[in-house]
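Shown here: run23.txt, compact mmCIF, C-alpha atoms and all ligand atoms.
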```txt
# COMPACT_ATOMS: atom_id res chain seq x y z
CA MET A 24 30.54 54.89 134.80
CA THR A 25 28.85 56.27 131.67
CA ASP A 26 25.61 58.24 131.91
CA GLU A 27 24.52 57.26 128.42
CA ILE A 28 26.12 55.20 125.70
CA LEU A 29 27.76 57.19 122.94
CA THR A 30 27.18 54.95 119.96
CA ASP A 31 29.15 56.98 117.47
CA PRO A 32 31.55 59.37 119.17
CA SER A 33 33.57 61.39 116.67
CA LYS A 34 36.62 61.25 118.96
CA ARG A 35 38.09 59.36 121.90
CA ILE A 36 40.44 61.33 124.08
CA GLY A 37 42.40 60.48 127.20
CA ILE A 38 43.32 62.74 130.09
CA LEU A 39 45.97 62.16 132.75
CA THR A 40 47.74 64.02 135.52
CA SER A 41 51.49 63.56 135.67
CA GLY A 42 54.21 64.46 138.20
CA GLY A 43 53.40 66.05 141.56
CA ASP A 44 49.86 67.15 142.36
CA CYS A 45 48.85 70.77 142.79
CA PRO A 46 45.59 72.66 143.25
CA GLY A 47 43.47 73.00 140.11
CA LEU A 48 44.15 69.63 138.43
CA ASN A 49 40.57 68.47 139.00
CA ALA A 50 39.23 71.74 137.62
CA VAL A 51 41.05 71.01 134.32
CA ILE A 52 39.52 67.51 134.31
CA TYR A 53 36.09 69.02 135.03
CA ALA A 54 36.35 71.42 132.05
CA VAL A 55 37.66 68.77 129.64
CA VAL A 56 34.90 66.30 130.53
CA LYS A 57 32.18 68.94 130.43
CA TYR A 58 33.23 70.37 127.06
CA ALA A 59 34.47 67.24 125.28
CA ARG A 60 31.95 64.72 126.61
CA THR A 61 28.81 66.74 127.33
CA VAL A 62 29.05 69.40 124.63
CA LYS A 63 30.99 67.66 121.85
CA ASN A 64 29.90 64.08 122.53
CA TRP A 65 33.41 62.66 122.51
CA ARG A 66 34.41 59.77 124.71
CA VAL A 67 36.77 60.85 127.51
CA TYR A 68 38.98 58.31 129.29
CA GLY A 69 40.57 59.19 132.63
CA ILE A 70 43.95 57.45 132.65
CA PRO A 71 44.79 56.53 136.26
CA ASN A 72 48.17 57.35 137.84
CA GLY A 73 49.85 59.11 134.94
CA THR A 74 51.18 56.87 132.20
CA ASP A 75 51.05 53.88 134.61
CA GLY A 76 47.38 53.62 133.64
CA PHE A 77 48.36 52.71 130.05
CA VAL A 78 50.58 49.93 131.39
CA ASP A 79 47.64 48.59 133.41
CA ILE A 80 45.47 48.58 130.28
CA ALA A 81 48.16 46.77 128.30
CA ASN A 82 48.53 44.22 131.13
CA GLY A 83 44.75 43.67 131.28
CA ILE A 84 44.57 44.98 134.87
CA CYS A 85 41.84 47.42 133.85
CA GLN A 86 39.56 47.75 130.84
CA PRO A 87 39.09 50.91 128.76
CA GLU A 88 35.36 51.02 129.52
CA ASP A 89 36.16 51.25 133.26
CA LEU A 90 38.00 54.49 132.63
CA GLU A 91 35.30 56.40 130.80
CA LEU A 92 34.40 59.72 132.41
CA HIS A 93 31.22 61.73 132.25
CA GLU A 94 30.06 64.94 133.84
CA HIS A 95 28.78 63.29 137.01
CA SER A 96 31.45 60.62 137.51
CA PHE A 97 32.60 62.21 140.75
CA ASP A 98 29.34 63.50 142.22
CA ILE A 99 28.88 63.24 145.98
CA PRO A 100 26.23 60.60 146.65
CA GLY A 101 23.00 62.31 147.63
CA GLN A 102 24.28 65.68 146.38
CA LYS A 103 24.32 65.05 142.66
CA GLY A 104 25.04 68.03 140.47
CA ILE A 105 27.54 69.85 142.69
CA ASN A 106 30.67 70.51 140.66
CA VAL A 107 33.06 69.11 143.26
CA LEU A 108 35.91 68.80 140.77
CA LEU A 109 36.09 72.57 140.36
CA PHE A 110 36.98 73.02 144.01
CA LEU A 111 38.77 69.82 144.96
CA SER A 112 42.57 69.80 145.32
CA GLY A 113 44.68 66.74 144.48
CA SER A 114 43.85 64.67 141.41
CA VAL A 115 40.92 62.26 141.18
CA LEU A 116 42.95 60.41 138.54
CA GLY A 117 45.99 60.01 140.80
CA CYS A 118 49.48 61.33 140.16
CA ARG A 119 52.76 59.50 139.88
CA GLY A 120 56.10 61.27 140.22
CA LYS A 121 57.83 61.97 136.94
CA LYS A 122 59.80 58.95 135.92
CA VAL A 123 61.46 57.82 132.75
CA PRO A 124 59.85 54.52 131.71
CA LYS A 125 61.94 51.46 132.52
CA PRO A 126 63.12 49.29 129.59
CA GLY A 127 60.07 47.61 128.09
CA GLU A 128 57.66 49.97 129.86
CA ALA A 129 57.49 52.53 127.04
CA ALA A 130 56.26 49.79 124.68
CA LYS A 131 53.52 48.90 127.21
CA ILE A 132 52.47 52.54 127.52
CA LEU A 133 52.21 52.84 123.73
CA ALA A 134 50.28 49.55 123.56
CA GLY A 135 47.84 50.75 126.26
CA TYR A 136 47.23 53.97 124.34
CA ARG A 137 46.52 52.01 121.14
CA GLN A 138 44.28 49.55 122.97
CA ILE A 139 41.92 52.33 124.10
CA GLY A 140 41.94 53.64 120.54
CA LEU A 141 42.66 57.22 121.53
CA ASP A 142 42.65 60.03 118.99
CA ALA A 143 44.38 62.39 121.40
CA LEU A 144 45.69 62.76 124.93
CA ILE A 145 45.56 65.73 127.29
CA ALA A 146 48.45 65.51 129.78
CA ILE A 147 48.49 67.88 132.74
CA GLY A 148 52.08 68.05 133.93
CA GLY A 149 55.16 69.97 135.04
CA ASP A 150 58.45 70.49 133.21
CA GLY A 151 59.95 67.06 133.98
CA SER A 152 56.93 64.90 133.28
CA LEU A 153 56.05 66.81 130.11
CA GLU A 154 59.50 66.07 128.70
CA ILE A 155 58.91 62.37 129.28
CA ILE A 156 55.39 62.36 127.82
CA ALA A 157 56.47 64.41 124.80
CA ASP A 158 59.05 61.75 124.09
CA LEU A 159 56.44 58.97 124.31
CA ALA A 160 54.06 61.00 122.11
CA GLN A 161 56.71 61.23 119.41
CA GLN A 162 57.42 57.51 119.55
CA GLY A 163 53.72 56.69 119.36
CA GLY A 164 52.69 59.45 116.92
CA TRP A 165 50.19 60.70 119.52
CA ASN A 166 48.13 63.81 119.21
CA LEU A 167 49.13 65.39 122.54
CA VAL A 168 48.05 68.60 124.23
CA ALA A 169 49.92 69.45 127.42
CA VAL A 170 48.48 71.61 130.18
CA PRO A 171 51.13 73.28 132.36
CA LYS A 172 50.78 72.91 136.13
CA THR A 173 53.11 73.32 139.09
CA ILE A 174 53.37 75.28 142.31
CA ASP A 175 56.95 76.09 141.22
CA ASN A 176 55.86 78.27 138.26
CA ASP A 177 58.93 77.07 136.36
CA ILE A 178 57.53 76.27 132.91
CA PRO A 179 58.76 78.53 130.11
CA LEU A 180 56.68 80.31 127.44
CA THR A 181 53.59 80.67 129.62
CA ASP A 182 52.80 83.57 131.96
CA ARG A 183 50.74 81.36 134.25
CA VAL A 184 50.52 77.71 135.26
CA VAL A 185 47.79 75.89 137.17
CA GLY A 186 48.46 75.62 140.92
CA PHE A 187 50.87 78.49 141.45
CA ASP A 188 48.34 81.11 142.55
CA THR A 189 46.88 78.82 145.21
CA ALA A 190 50.31 77.96 146.58
CA VAL A 191 51.23 81.65 146.76
CA ASP A 192 47.98 82.29 148.59
CA THR A 193 48.62 79.44 151.06
CA VAL A 194 52.17 80.58 151.85
CA ALA A 195 51.25 84.27 152.08
CA ALA A 196 48.36 83.49 154.44
CA THR A 197 50.69 81.34 156.56
CA LEU A 198 53.25 84.15 156.78
CA HIS A 199 50.54 86.53 157.90
CA ASN A 200 49.32 84.04 160.50
CA LEU A 201 52.83 83.37 161.78
CA SER A 202 53.50 87.08 162.25
CA PHE A 203 51.18 87.11 165.29
CA THR A 204 53.02 84.40 167.18
CA ALA A 205 56.35 85.93 166.07
CA ALA A 206 55.28 89.34 167.38
CA SER A 207 54.00 87.91 170.66
CA HIS A 208 57.31 86.19 171.40
CA ASP A 209 59.74 88.62 169.72
CA HIS A 210 60.88 85.80 167.46
CA VAL A 211 62.66 85.71 164.14
CA MET A 212 60.49 83.36 162.09
CA ILE A 213 62.11 81.47 159.22
CA VAL A 214 59.67 79.92 156.77
CA GLU A 215 61.06 77.36 154.34
CA VAL A 216 59.14 77.33 151.09
CA MET A 217 59.06 74.85 148.18
CA GLY A 218 59.74 75.81 144.58
CA ARG A 219 62.41 73.25 143.70
CA ASP A 220 65.28 75.12 141.97
CA GLY A 221 63.38 78.38 141.51
CA GLY A 222 62.24 81.22 143.72
CA HIS A 223 58.87 82.28 142.24
CA LEU A 224 56.81 80.88 145.11
CA ALA A 225 59.06 82.32 147.83
CA LEU A 226 59.25 85.71 146.13
CA HIS A 227 55.55 86.17 145.37
CA ALA A 228 54.36 84.80 148.70
CA GLY A 229 57.04 86.65 150.64
CA ILE A 230 55.99 89.99 149.17
CA ALA A 231 52.28 89.28 149.61
CA GLY A 232 52.81 87.92 153.14
CA GLY A 233 54.89 90.82 154.49
CA ALA A 234 58.34 89.19 154.75
CA ASP A 235 61.41 91.21 155.77
CA VAL A 236 63.88 88.93 154.01
CA ILE A 237 63.28 86.72 150.97
CA LEU A 238 66.03 84.37 149.88
CA ILE A 239 65.70 82.84 146.40
CA PRO A 240 68.24 80.78 144.45
CA GLU A 241 68.24 83.15 141.47
CA LEU A 242 69.71 85.91 143.66
CA ILE A 243 71.33 83.94 146.46
CA PRO A 244 72.27 80.45 145.24
CA TYR A 245 74.44 79.82 148.32
CA LEU A 246 74.14 80.70 151.96
CA THR A 247 77.48 82.49 152.32
CA GLU A 248 78.71 84.23 155.46
CA LYS A 249 78.15 87.57 153.72
CA VAL A 250 74.50 86.73 153.13
CA VAL A 251 74.08 85.69 156.77
CA ALA A 252 75.79 88.94 157.87
CA ASN A 253 73.41 90.97 155.71
CA ILE A 254 70.39 89.17 157.15
CA CYS A 255 71.63 89.86 160.70
CA ASP A 256 72.14 93.54 159.78
CA ARG A 257 68.58 93.63 158.49
CA ILE A 258 67.27 92.11 161.75
CA ALA A 259 69.33 94.64 163.76
CA GLN A 260 67.87 97.42 161.65
CA ILE A 261 64.36 96.14 162.41
CA TYR A 262 65.19 96.17 166.13
CA ARG A 263 66.36 99.80 165.75
CA GLN A 264 62.94 100.60 164.35
CA ARG A 265 61.54 99.12 167.58
CA ARG A 266 59.85 96.24 165.82
CA LYS A 267 60.17 93.09 167.82
CA PHE A 268 59.99 90.33 165.25
CA ALA A 269 61.10 89.46 161.74
CA LEU A 270 59.86 87.18 158.99
CA ILE A 271 62.36 85.43 156.74
CA VAL A 272 61.30 83.37 153.73
CA VAL A 273 63.87 80.95 152.38
CA ALA A 274 63.39 78.95 149.18
CA GLU A 275 64.28 75.27 149.43
CA GLY A 276 66.52 75.49 146.33
CA ILE A 277 69.24 77.50 148.11
CA ASP A 278 72.36 75.56 148.95
CA LEU A 279 75.08 75.79 151.57
CA ASP A 280 78.25 77.70 150.72
CA PRO A 281 80.43 75.22 148.76
CA LEU A 282 83.56 77.14 149.84
CA ALA A 283 82.80 77.02 153.56
CA GLU A 284 83.81 74.20 155.91
CA PRO A 285 82.16 71.02 154.71
CA CYS A 286 78.94 70.28 156.51
CA SER A 287 75.94 68.44 155.21
CA LYS A 288 72.82 70.31 154.19
CA SER A 289 69.87 69.15 156.26
CA ALA A 290 67.05 71.50 155.40
CA ILE A 291 67.91 75.03 154.39
CA GLY A 292 65.59 76.62 156.98
CA ALA A 293 67.31 74.78 159.85
CA ASP A 294 70.76 75.56 158.41
CA LEU A 295 69.89 79.24 158.15
CA LYS A 296 68.71 79.33 161.78
CA GLN A 297 71.98 77.77 162.92
CA GLN A 298 74.07 80.17 160.85
CA ILE A 299 72.20 83.26 162.07
CA GLU A 300 72.64 82.16 165.70
CA GLN A 301 76.34 81.43 165.19
CA TYR A 302 76.95 84.71 163.40
CA VAL A 303 75.26 86.76 166.12
CA ASP A 304 77.19 84.85 168.80
CA HIS A 305 80.53 85.49 167.16
CA HIS A 306 80.06 89.01 165.87
CA SER A 307 78.46 90.90 168.68
CA ASP A 308 80.13 94.28 168.96
CA PRO A 309 79.69 96.12 172.29
CA GLN A 310 79.79 99.43 170.39
CA GLN A 311 76.78 98.39 168.37
CA SER A 312 73.80 98.29 170.66
CA ASP A 313 71.58 96.65 168.01
CA PHE A 314 73.89 93.71 167.81
CA CYS A 315 74.12 93.48 171.61
CA ARG A 316 70.38 93.35 171.71
CA LEU A 317 70.38 90.74 169.00
CA GLN A 318 72.80 88.64 171.03
CA ALA A 319 70.71 88.93 174.16
CA ASP A 320 67.27 88.55 172.63
CA LEU A 321 67.58 86.53 169.46
CA GLU A 322 65.24 83.58 169.28
CA VAL A 323 64.77 81.96 165.92
CA ARG A 324 62.06 79.48 164.98
CA VAL A 325 61.69 77.53 161.73
CA SER A 326 58.53 76.42 159.97
CA VAL A 327 58.83 74.07 157.02
CA LEU A 328 55.60 74.27 155.07
CA GLY A 329 56.09 71.14 152.95
CA ARG A 330 53.17 69.54 151.16
CA ILE A 331 50.58 71.89 152.68
CA GLN A 332 51.65 74.21 149.84
CA ARG A 333 50.16 71.77 147.31
CA SER A 334 46.99 70.84 149.07
CA SER A 335 44.65 73.84 149.51
CA PRO A 336 41.49 74.12 147.39
CA PRO A 337 42.27 76.06 144.19
CA THR A 338 41.82 79.82 144.27
CA THR A 339 39.37 81.51 141.91
CA LEU A 340 42.26 82.48 139.63
CA ASP A 341 43.54 78.90 139.47
CA ARG A 342 40.04 77.61 138.74
CA LEU A 343 39.61 80.13 135.93
CA LEU A 344 43.00 79.27 134.51
CA ALA A 345 42.33 75.53 134.80
CA VAL A 346 38.98 75.61 133.01
CA SER A 347 40.30 78.00 130.32
CA PHE A 348 43.22 75.63 129.68
CA GLY A 349 40.85 72.64 129.61
CA VAL A 350 38.62 74.27 127.01
CA LYS A 351 41.59 75.41 124.92
CA ALA A 352 43.06 71.89 125.00
CA VAL A 353 39.79 70.42 123.66
CA ASP A 354 39.63 73.14 120.98
CA ALA A 355 43.23 72.36 119.99
CA ILE A 356 42.32 68.69 119.50
CA ALA A 357 39.20 69.61 117.52
CA GLN A 358 41.26 71.79 115.20
CA SER A 359 44.30 69.56 114.68
CA GLN A 360 44.33 67.91 111.27
CA SER A 361 47.20 65.53 111.98
CA PRO A 362 48.95 64.30 115.16
CA SER A 363 50.92 67.08 116.81
CA GLN A 364 52.37 67.85 120.22
CA GLN A 365 51.27 71.16 121.63
CA MET A 366 50.94 72.97 124.97
CA VAL A 367 48.29 75.43 126.05
CA VAL A 368 49.80 78.60 127.47
CA TRP A 369 48.61 81.84 129.03
CA LYS A 370 49.90 84.95 127.31
CA GLY A 371 48.68 88.52 127.17
CA GLY A 372 45.70 87.67 129.36
CA GLN A 373 44.39 84.79 127.26
CA THR A 374 44.98 81.17 126.32
CA GLN A 375 47.15 80.34 123.33
CA ILE A 376 48.92 77.33 121.85
CA GLU A 377 52.68 76.69 121.65
CA PRO A 378 54.41 73.75 119.97
CA LEU A 379 55.52 71.48 122.82
CA ALA A 380 58.90 71.00 121.13
CA ARG A 381 59.57 74.73 121.55
CA VAL A 382 58.75 74.58 125.25
CA ILE A 383 60.98 71.57 125.78
CA GLU A 384 63.83 73.08 123.80
CA LYS A 385 63.61 76.13 126.07
CA ILE A 386 63.48 73.98 129.24
CA ARG A 387 66.62 72.10 128.19
CA ALA A 388 68.52 75.19 127.07
CA GLU A 389 67.71 77.16 130.23
CA LYS A 390 68.63 74.28 132.54
CA ALA A 391 71.92 73.68 130.71
CA ALA A 392 72.85 77.37 130.78
CA ARG A 393 72.15 77.68 134.50
CA GLN A 394 74.04 74.51 135.34
CA ALA A 395 77.02 75.77 133.34
CA ALA A 396 76.88 78.99 135.39
CA LYS A 397 76.76 76.86 138.59
CA PHE A 398 73.24 77.96 139.41
CA PRO A 399 70.38 75.58 140.34
CA ALA A 400 68.89 74.19 137.12
CA CYS A 401 65.57 76.01 136.94
CA ALA A 402 63.78 75.94 133.56
CA ALA A 403 62.12 79.33 134.02
CA PRO A 404 63.95 81.25 136.76
CA VAL A 405 62.92 84.51 138.40
CA ASP A 406 64.33 87.44 136.44
CA PRO A 407 66.73 89.21 138.85
CA GLN A 408 66.06 92.45 136.94
CA GLY A 409 62.31 91.84 136.77
CA PHE A 410 59.55 93.90 138.33
CA MET A 411 58.86 91.45 141.17
CA VAL A 412 62.41 91.70 142.49
CA HIS A 413 62.22 95.47 142.04
CA THR A 414 58.93 95.50 143.98
CA ALA A 415 60.50 93.55 146.85
CA ARG A 416 63.56 95.83 147.02
CA SER A 417 61.39 98.95 146.82
CA LEU A 418 59.49 97.73 149.87
CA GLY A 419 62.73 97.42 151.84
CA ILE A 420 62.72 93.63 151.71
CA TYR A 421 66.22 92.17 151.71
CA VAL A 422 66.60 89.89 148.68
CA GLY A 423 70.38 90.05 148.28
CA ASP A 424 72.61 92.79 146.93
O1 LIG A 501 57.46 70.38 141.95
C1 LIG A 501 56.58 70.51 142.99
C2 LIG A 501 57.23 70.28 144.33
O2 LIG A 501 56.30 70.50 145.35
C3 LIG A 501 58.49 71.10 144.57
O3 LIG A 501 58.23 72.42 144.95
C4 LIG A 501 59.19 70.30 145.62
O4 LIG A 501 60.59 70.46 145.57
C5 LIG A 501 58.81 68.88 145.26
O5 LIG A 501 57.67 68.93 144.43
C6 LIG A 501 58.54 68.07 146.49
O6 LIG A 501 58.13 66.81 146.14
P1 LIG A 501 58.22 65.63 147.20
O7 LIG A 501 57.43 66.05 148.40
O8 LIG A 501 57.64 64.48 146.49
O9 LIG A 501 59.68 65.50 147.51
```
Could you write out this file's structure as structure tokens?
Amino acid sequence: MTDEILTDPSKRIGILTSGGDCPGLNAVIYAVVKYARTVKNWRVYGIPNGTDGFVDIANGICQPEDLELHEHSFDIPGQKGINVLLFLSGSVLGCRGKKVPKPGEAAKILAGYRQIGLDALIAIGGDGSLEIIADLAQQGGWNLVAVPKTIDNDIPLTDRVVGFDTAVDTVAATLHNLSFTAASHDHVMIVEVMGRDGGHLALHAGIAGGADVILIPELIPYLTEKVVANICDRIAQIYRQRRKFALIVVAEGIDLDPLAEPCSKSAIGADLKQQIEQYVDHHSDPQQSDFCRLQADLEVRVSVLGRIQRSSPPTTLDRLLAVSFGVKAVDAIAQSQSPSQQMVVWKGGQTQIEPLARVIEKIRAEKAARQAAKFPACAAPVDPQGFMVHTARSLGIYVGD
């Protein structure tokens, strides 16, 4: 795969993508290869399928020289020179879900790392996979630089992560598109959005996409009858204003009311539809014409966006963030005197470095505190008092009381 042989590289670094994919991973790889290999003349090894690639090396399934990357490794045949990696979603290295190594596997991972003779590793990952890799890095004394990525935006100590902006864009565009079919049929459109235990994606996309109701776990952890009543009031209010449709965004991390009659959660969008229909059926008050109209006219449809939220080509902002993080990660390796575990972050409009231990300590503390308070265990939740929630409320969007 090499374009020319580097006879005396001053460093050998590895790069891998860990956990779920998201837009912008390839743009980080592009920047790292371009800067480290082409500019600095280091050897860059693309580790396939997260840390599984190290196991394959240790087991002799692949050889280090097969993994070497250079600027044109992924060129389109016949169209050499186009920077496809900047624009391509997914990961050309492959992703594997975060998983704690099985007994004996950690030793193989460490052996694979040693076999390639790496001086440092750049790991692009989310909160869960970074915890696992940080642990391996400590065991192996690796020089590790983490790059934060996730459509969930739930990594502490950084203002931005790779992939989030694109996912917001995808969901917001979908909401806008759905509003036309909703308006044509007078439908209430529920859109179920990913985000795991947090509501960043639902909140940002809901505001940008013109939602009437945005339900996020930080404000509404459970779908109680009161919440459903408030949503129905909001729909009735919309009808009063002679608008014929409504858009509701619901984050996947919201749970059913634990105090209500036991019923199993299927998908929160479908559960919400059922509860809205039941509430309107049972609470129609002949004195309240809005509710009568609701009872007569209500038609609810659910769209579950699923993996489409991870798969669009990265936005300009995500590409800029990805390449800035890639360059900063290479700089961090160039400057480190001894093995350390760090993470590149975005703060105050620029890239910076944080000790990875600090990030992980914060992830663990935040998750533990939220679990103790019986909230979903998000490592960097939406601030209920923050400006985004204030923006939503100021626009008349129902986000909870
Ligand atoms: O963490 C990214 C994410 O897309 C979450 O938003 C979502 O809960 C999860 O991964 C879905 O992963 P999968 O499709 O593998 O269940």
My list of candidates is A:Ile237, A:Ile105, A:Ala206, A:Ile331. Which is closest to Ile174 in chain A when distances are computed with only C-alpha atoms?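 When distances to Ile174 in chain A are compared using only C-alpha atoms, the smallest one comes from A:Ile331.
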Counting only C-alpha atoms and all ligand atoms, what residues are within 12 Å of ligand LIG 501 (chain A), given as a ChimeraX atom specification? /A:41-46,118-121,148-152,171-178,185-187,190-191,215-225,274-277,290,327-334,401-402
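Shortest separation to Val123 in chain A among A:Val323, A:Ala157, A:Ala231, A:Val251 occurs at residue A:Ala157, atoms counted being all atoms listed in the file.
Here CA of Glu241 in chain A stands at a distance of 22.2 Å from CA of Ile258 in chain A.
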Between A:Thr181, A:Ala259, A:Arg60, A:Asn166, single out the one closest to Gln358 in chain A, counting all atoms listed in the file.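 Nearest to Gln358 in chain A: A:Asn166.
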Report as AutoDock Vina command-line options the centre and the edge lengths, in Å to one decimal, of the axis-aligned box holding every listed atom of range 29-43 of chain A, padded by 4 Å on each side.
```
--center_x 40.7 --center_y 60.5 --center_z 129.1 --size_x 35.0 --size_y 19.1 --size_z 32.9
```
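With CA of Lys34 in chain A on one side and CA of Trp65 in chain A on the other, the separation reads 5.0 Å.
Considering the residues A:Leu270, A:Val194, A:Ile84, A:Ala143 and counting all atoms listed in the file, Gln360 in chain A has its shortest atom-to-atom contact with A:Ala143.
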Just to confirm, what's the straight-line distance from CA of Leu116 in chain A to CA of Asn72 in chain A in Å (one decimal)?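 Those two atoms sit 6.1 Å apart.
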Given the choices A:Ile291, A:Val214, A:Leu153, A:Val303, which gets closest to Val168 in chain A if the distance is worked out from all atoms listed in the file?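 For Val168 in chain A, the nearest of the candidates is A:Leu153.
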